[in-house]
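Data first, discussion second: the structure below is written as structure tokens.
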Amino acid sequence: MRGCVLVRGMRSIDVSMPLHIGMAAFPGDPAFESSPFRSIARGDGYNVSRIALGTHAGTHVDPPLHFLPGGASIDEVDLARLNGPCRVVRIADRCAAIGPAEVARIPRGTTRVLFRTRNSARWEASGEFFPDYVAVRPSGAAALVARGVRLVGVDSLSVENDPSGAFPVHHELLGHDVLIVEGLLLAKAPPGAYDMRCLPLRLRGGDGGPARVVLTPRRPVRPGRRAAGGRGSRRRSGRPPRTPGR
Ligand SMILES: [Zn+2]
């Protein structure tokens with residue numbers, strides 16, 4: 001990601017799922033719940049709600065402890081791993097699973113990659129869980145590890161869609177200390193380079209962490225040129241970054 005700068009005035013994109021009653025949950029996970037605990041409408045002096053949710057509700061981070069006994073819990077994950085330059089990679093709508101061919105198109109040197117698949121448009125359309133979501137194949141996970149990727153983000157509630165119950169993708173990634181971010185909404189994030197902010201809840205010993213994730217577009221800067229950001233560039237702020245091989 002060298003050669004990129006944060007462009008002043010570029011708008012950040014919130015790619016987190018709103019948490020609300022009735023939201024999609026991964027099958028078998030607890031449903032999100034919220035109820036008034038103190039309520040002005042009921043005569044209390046203030047509003048406070050009680051919420052209940054799974055540790056993998058909505059947009060969230062999978063730490064190693066999710067699958068590896070004794071692995072790092074969410075509060076032990078170094079936030080520097082979750083925050084910094086990232087790349088949104090568009091996966092063609094016809095693609096049903098992310099394999100080595102898709103991984104091969106990730107720009108060299110990318111350490112954080114977020115895959116925008118057809119899932120993102122489906123979340124926009126309905127918000128309901130769909131079992132035929134696009135996810136990473138085991139061979140794709142091995143390719144990600146081999147390519148030196150350290151964080152993988154997906155726009156599905158699980159990084160894998162494996163009916164065997166063996167969870168080979170989670171094991172491959174977490175076993176190689178690759179962090180996983182699931183449940184991203186990337187429909188409004190064009191492919192390209194971004195600065196990622198990802199802050200999971202500091203759950204002590206947590207096996208997962210619901211997170212707010214925000215992307216700020218970056219723009220490649222040619223060697224010898226100063227970063228854009230003056231008056232002329234302001235007009236273009238908010239436009240998606242252009243990347244080669246898009
Ligand atoms: Zn998870």
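If you're wondering about the labels, chains in the structure tokens are A, B, ... by order shown, residues count from 1 in each chain, ligands from 1 in order shown.
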
Residues within 7 Å of range 101-103 of chain A, please, as an mmCIF file with C-alpha atoms, in the first residue's frame. Count only C-alpha atoms; anything in the same chain fewer than 4 positions from it doesn't count.
```cif
data_model
loop_
_atom_site.group_PDB
_atom_site.id
_atom_site.type_symbol
_atom_site.label_atom_id
_atom_site.label_comp_id
_atom_site.auth_asym_id
_atom_site.auth_seq_id
_atom_site.Cartn_x
_atom_site.Cartn_y
_atom_site.Cartn_z
ATOM 1 C CA GLY A 140 -8.870 -20.068 -1.658
ATOM 2 C CA ALA A 143 -3.960 -19.300 -1.427
ATOM 3 C CA LEU A 144 -4.663 -16.307 0.831
#
```

Per residue of chain A within 6 Å of ligand 1, note the shortest atom pair and the distance in Å to one decimal, counting only C-alpha atoms and all ligand atoms, and order the rows by chain and increasing residue number, as JSON lines.
```
{"residue": "A:His56", "atom": "CA", "partner": "ligand 1", "partner_atom_place_in_ligand_line": "1 (Zn)", "distance": 4.7}
{"residue": "A:Asp62", "atom": "CA", "partner": "ligand 1", "partner_atom_place_in_ligand_line": "1 (Zn)", "distance": 4.8}
{"residue": "A:Ser158", "atom": "CA", "partner": "ligand 1", "partner_atom_place_in_ligand_line": "1 (Zn)", "distance": 5.9}
{"residue": "A:Glu182", "atom": "CA", "partner": "ligand 1", "partner_atom_place_in_ligand_line": "1 (Zn)", "distance": 6.0}
```

Give me, as a list in words, all polymer residues having an atom no more than 8 Å from Val134 in chain A, counting only C-alpha atoms and skipping those fewer than 4 positions away in the same chain.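 Counting only the stated atoms, we get Cys95, Ala96, Ala97, Ile98, Thr117, Arg118, Asn119, Ser156 and Asn161 of chain A.
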
Selection export as a compact mmCIF listing (two decimals), in the first residue's frame, atoms kept: N, CA and C atoms:
```txt
# COMPACT_ATOMS: atom_id res chain seq x y z
N CYS A 95 -19.48 -15.54 -9.98
CA CYS A 95 -18.58 -16.36 -9.17
C CYS A 95 -19.30 -16.84 -7.90
N ALA A 96 -19.38 -18.16 -7.71
CA ALA A 96 -20.12 -18.72 -6.59
C ALA A 96 -19.25 -18.95 -5.36
N ALA A 97 -17.94 -18.94 -5.53
CA ALA A 97 -17.04 -19.15 -4.39
C ALA A 97 -15.67 -18.59 -4.74
N ILE A 98 -14.96 -18.13 -3.72
CA ILE A 98 -13.66 -17.48 -3.92
C ILE A 98 -12.56 -18.53 -3.81
N THR A 117 -18.63 -9.38 -3.00
CA THR A 117 -19.26 -10.35 -3.91
C THR A 117 -20.70 -9.91 -4.18
N ARG A 118 -21.43 -10.78 -4.85
CA ARG A 118 -22.85 -10.48 -5.11
C ARG A 118 -23.65 -10.47 -3.80
N ASN A 119 -23.06 -11.00 -2.72
CA ASN A 119 -23.77 -10.96 -1.44
C ASN A 119 -24.18 -9.54 -1.06
N SER A 156 -20.45 -11.87 3.87
CA SER A 156 -21.37 -12.92 4.31
C SER A 156 -21.16 -13.12 5.80
N ASN A 161 -18.77 -21.57 3.29
CA ASN A 161 -20.10 -22.15 3.11
C ASN A 161 -19.89 -23.64 2.91
```

For range 33-41 of chain A, work out the shell of residues within 12 Å, counting only C-alpha atoms and skipping chain neighbours fewer than 5 positions away, then give it as a VMD selection string. chain A and resid 19 to 25 46 to 54 57

Which residues come within 12 Å of His176 in chain A, counting only C-alpha atoms, excluding same-chain residues fewer than 5 positions away, as a PyMOL selection string? chain A and resi 63-64+67-68+71+141-151+169-171

How would the residues just picked look written out with C-alpha atoms as a PDB file, in the first residue's frame?
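The new file out02.pdb reads:
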```pdb
ATOM      1  CA  PRO A  63     -10.369 -14.044  16.576  1.00  0.00           C
ATOM      2  CA  PRO A  64      -8.373 -17.300  16.749  1.00  0.00           C
ATOM      3  CA  PHE A  67     -11.995 -22.162  16.501  1.00  0.00           C
ATOM      4  CA  LEU A  68      -8.715 -22.716  18.296  1.00  0.00           C
ATOM      5  CA  GLY A  71      -6.205 -19.009  20.770  1.00  0.00           C
ATOM      6  CA  ALA A 141      -8.004 -19.890   2.039  1.00  0.00           C
ATOM      7  CA  ALA A 142      -4.720 -21.701   1.425  1.00  0.00           C
ATOM      8  CA  ALA A 143      -3.960 -19.300  -1.427  1.00  0.00           C
ATOM      9  CA  LEU A 144      -4.663 -16.307   0.831  1.00  0.00           C
ATOM     10  CA  VAL A 145      -2.240 -17.637   3.428  1.00  0.00           C
ATOM     11  CA  ALA A 146       0.393 -18.309   0.764  1.00  0.00           C
ATOM     12  CA  ARG A 147      -0.027 -14.772  -0.579  1.00  0.00           C
ATOM     13  CA  GLY A 148       0.716 -13.259   2.808  1.00  0.00           C
ATOM     14  CA  VAL A 149      -2.750 -11.848   3.492  1.00  0.00           C
ATOM     15  CA  ARG A 150      -3.219 -11.185   7.219  1.00  0.00           C
ATOM     16  CA  LEU A 151      -6.879 -10.142   7.332  1.00  0.00           C
ATOM     17  CA  VAL A 169     -11.595 -22.331   5.851  1.00  0.00           C
ATOM     18  CA  HIS A 170     -11.793 -21.018   9.421  1.00  0.00           C
ATOM     19  CA  HIS A 171      -9.148 -23.505  10.504  1.00  0.00           C
TER      20      HIS A 171
END
```

As a ChimeraX atom specification, list the residues of range 132-168 of chain A assigned to strand (DSSP E or B) by DSSP on the backbone atoms of this structure. /A:135-136,151-154

Could the residues in this selection be written to a file with C-alpha atoms, as a JSON list (two decimals), in the first residue's frame?
```
[["chain", "number", "residue", "atom", "x", "y", "z"],
["A", 135, "ALA", "CA", -17.74, -17.54, 0.53],
["A", 136, "VAL", "CA", -14.10, -18.63, 0.42],
["A", 151, "LEU", "CA", -6.88, -10.14, 7.33],
["A", 152, "VAL", "CA", -9.78, -11.36, 5.20],
["A", 153, "GLY", "CA", -13.13, -9.60, 5.14],
["A", 154, "VAL", "CA", -16.27, -11.00, 3.56]]
```

With distances taken over only C-alpha atoms, the candidate from A:Gly127, A:Gly99, A:Gly45, A:Gly183 nearest Arg212 in chain A is A:Gly183

Nearby residues (only C-alpha atoms) at most 12 Å from Val77 in chain A, same-chain spacing under 2 positions excluded, as a ChimeraX atom specification: /A:61-65,71-75,79-83,151,177-180,198-209

Output N, CA and C atoms for every residue in that selection, as a tab-separated table (two decimals), in the first residue's frame.
```tsv
chain	number	residue	atom	x	y	z
A	61	VAL	N	-15.68	-9.53	14.09
A	61	VAL	CA	-14.34	-10.10	13.90
A	61	VAL	C	-14.30	-11.49	14.51
A	62	ASP	N	-13.71	-12.43	13.78
A	62	ASP	CA	-13.42	-13.77	14.31
A	62	ASP	C	-11.97	-13.77	14.80
A	63	PRO	N	-11.75	-13.87	16.09
A	63	PRO	CA	-10.37	-14.04	16.58
A	63	PRO	C	-10.03	-15.53	16.57
A	64	PRO	N	-8.77	-15.88	16.75
A	64	PRO	CA	-8.37	-17.30	16.75
A	64	PRO	C	-9.20	-18.15	17.72
A	65	LEU	N	-9.59	-17.59	18.86
A	65	LEU	CA	-10.34	-18.37	19.87
A	65	LEU	C	-11.66	-18.92	19.33
A	71	GLY	N	-6.57	-20.07	21.70
A	71	GLY	CA	-6.21	-19.01	20.77
A	71	GLY	C	-6.55	-17.64	21.35
A	72	ALA	N	-6.06	-16.61	20.70
A	72	ALA	CA	-6.30	-15.24	21.18
A	72	ALA	C	-7.79	-14.91	21.14
A	73	SER	N	-8.25	-14.28	22.21
A	73	SER	CA	-9.63	-13.82	22.26
A	73	SER	C	-9.70	-12.42	21.64
A	74	ILE	N	-10.92	-11.94	21.48
A	74	ILE	CA	-11.09	-10.68	20.74
A	74	ILE	C	-10.40	-9.51	21.45
A	75	ASP	N	-10.38	-9.54	22.78
A	75	ASP	CA	-9.73	-8.44	23.50
A	75	ASP	C	-8.20	-8.55	23.45
A	79	LEU	N	-5.10	-4.25	17.86
A	79	LEU	CA	-5.94	-3.39	17.01
A	79	LEU	C	-5.19	-2.92	15.76
A	80	ALA	N	-3.86	-2.92	15.84
A	80	ALA	CA	-3.08	-2.53	14.66
A	80	ALA	C	-3.28	-3.52	13.51
A	81	ARG	N	-3.66	-4.74	13.86
A	81	ARG	CA	-3.93	-5.74	12.82
A	81	ARG	C	-5.23	-5.43	12.08
A	82	LEU	N	-6.14	-4.78	12.79
A	82	LEU	CA	-7.48	-4.54	12.24
A	82	LEU	C	-7.60	-3.18	11.57
A	83	ASN	N	-6.64	-2.32	11.79
A	83	ASN	CA	-6.75	-0.94	11.31
A	83	ASN	C	-5.56	-0.60	10.42
A	151	LEU	N	-5.49	-10.39	6.92
A	151	LEU	CA	-6.88	-10.14	7.33
A	151	LEU	C	-7.77	-10.33	6.11
A	177	ASP	N	-3.08	-17.55	11.80
A	177	ASP	CA	-3.17	-16.22	12.41
A	177	ASP	C	-3.64	-15.15	11.42
A	178	VAL	N	-4.53	-15.56	10.53
A	178	VAL	CA	-5.17	-14.60	9.64
A	178	VAL	C	-6.51	-14.24	10.26
A	179	LEU	N	-6.74	-12.96	10.53
A	179	LEU	CA	-7.99	-12.54	11.15
A	179	LEU	C	-9.10	-12.51	10.11
A	180	ILE	N	-10.32	-12.70	10.58
A	180	ILE	CA	-11.48	-12.75	9.68
A	180	ILE	C	-12.49	-11.70	10.13
A	198	CYS	N	-11.54	-0.62	12.13
A	198	CYS	CA	-12.36	-1.75	12.59
A	198	CYS	C	-12.17	-1.88	14.09
A	199	LEU	N	-13.23	-1.62	14.82
A	199	LEU	CA	-13.13	-1.64	16.28
A	199	LEU	C	-14.17	-2.60	16.87
A	200	PRO	N	-13.76	-3.84	17.16
A	200	PRO	CA	-14.68	-4.78	17.79
A	200	PRO	C	-14.85	-4.46	19.28
A	201	LEU	N	-15.98	-4.84	19.81
A	201	LEU	CA	-16.22	-4.65	21.24
A	201	LEU	C	-15.13	-5.37	22.04
A	202	ARG	N	-14.74	-4.73	23.14
A	202	ARG	CA	-13.65	-5.29	23.96
A	202	ARG	C	-14.21	-6.30	24.95
A	203	LEU	N	-14.65	-7.42	24.41
A	203	LEU	CA	-15.25	-8.47	25.23
A	203	LEU	C	-14.13	-9.32	25.83
A	204	ARG	N	-14.06	-9.32	27.14
A	204	ARG	CA	-12.98	-10.07	27.79
A	204	ARG	C	-13.16	-11.57	27.51
A	205	GLY	N	-12.16	-12.17	26.93
A	205	GLY	CA	-12.23	-13.59	26.60
A	205	GLY	C	-13.18	-13.91	25.46
A	206	GLY	N	-13.59	-12.88	24.71
A	206	GLY	CA	-14.61	-13.07	23.68
A	206	GLY	C	-14.14	-13.91	22.51
A	207	ASP	N	-15.04	-14.80	22.05
A	207	ASP	CA	-14.72	-15.62	20.88
A	207	ASP	C	-15.12	-14.95	19.58
A	208	GLY	N	-15.62	-13.74	19.69
A	208	GLY	CA	-16.00	-12.95	18.52
A	208	GLY	C	-16.28	-11.54	19.00
A	209	GLY	N	-16.30	-10.60	18.09
A	209	GLY	CA	-16.55	-9.23	18.50
A	209	GLY	C	-17.33	-8.44	17.48
```

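Residue neighbourhood of Arg197 in chain A, excluding near-sequence residues (fewer than 4 positions): Ser12, Ile13, Asp14, Val15, Ser16, Leu79, Ala80, Arg81, Leu82, Asn83, Gly84, Pro85, Cys86, Arg112, Val181, Ala211, Arg212, Val213, Val214, Leu215, Thr216 and Pro217 of chain A, at 12 Å, using only C-alpha atoms.
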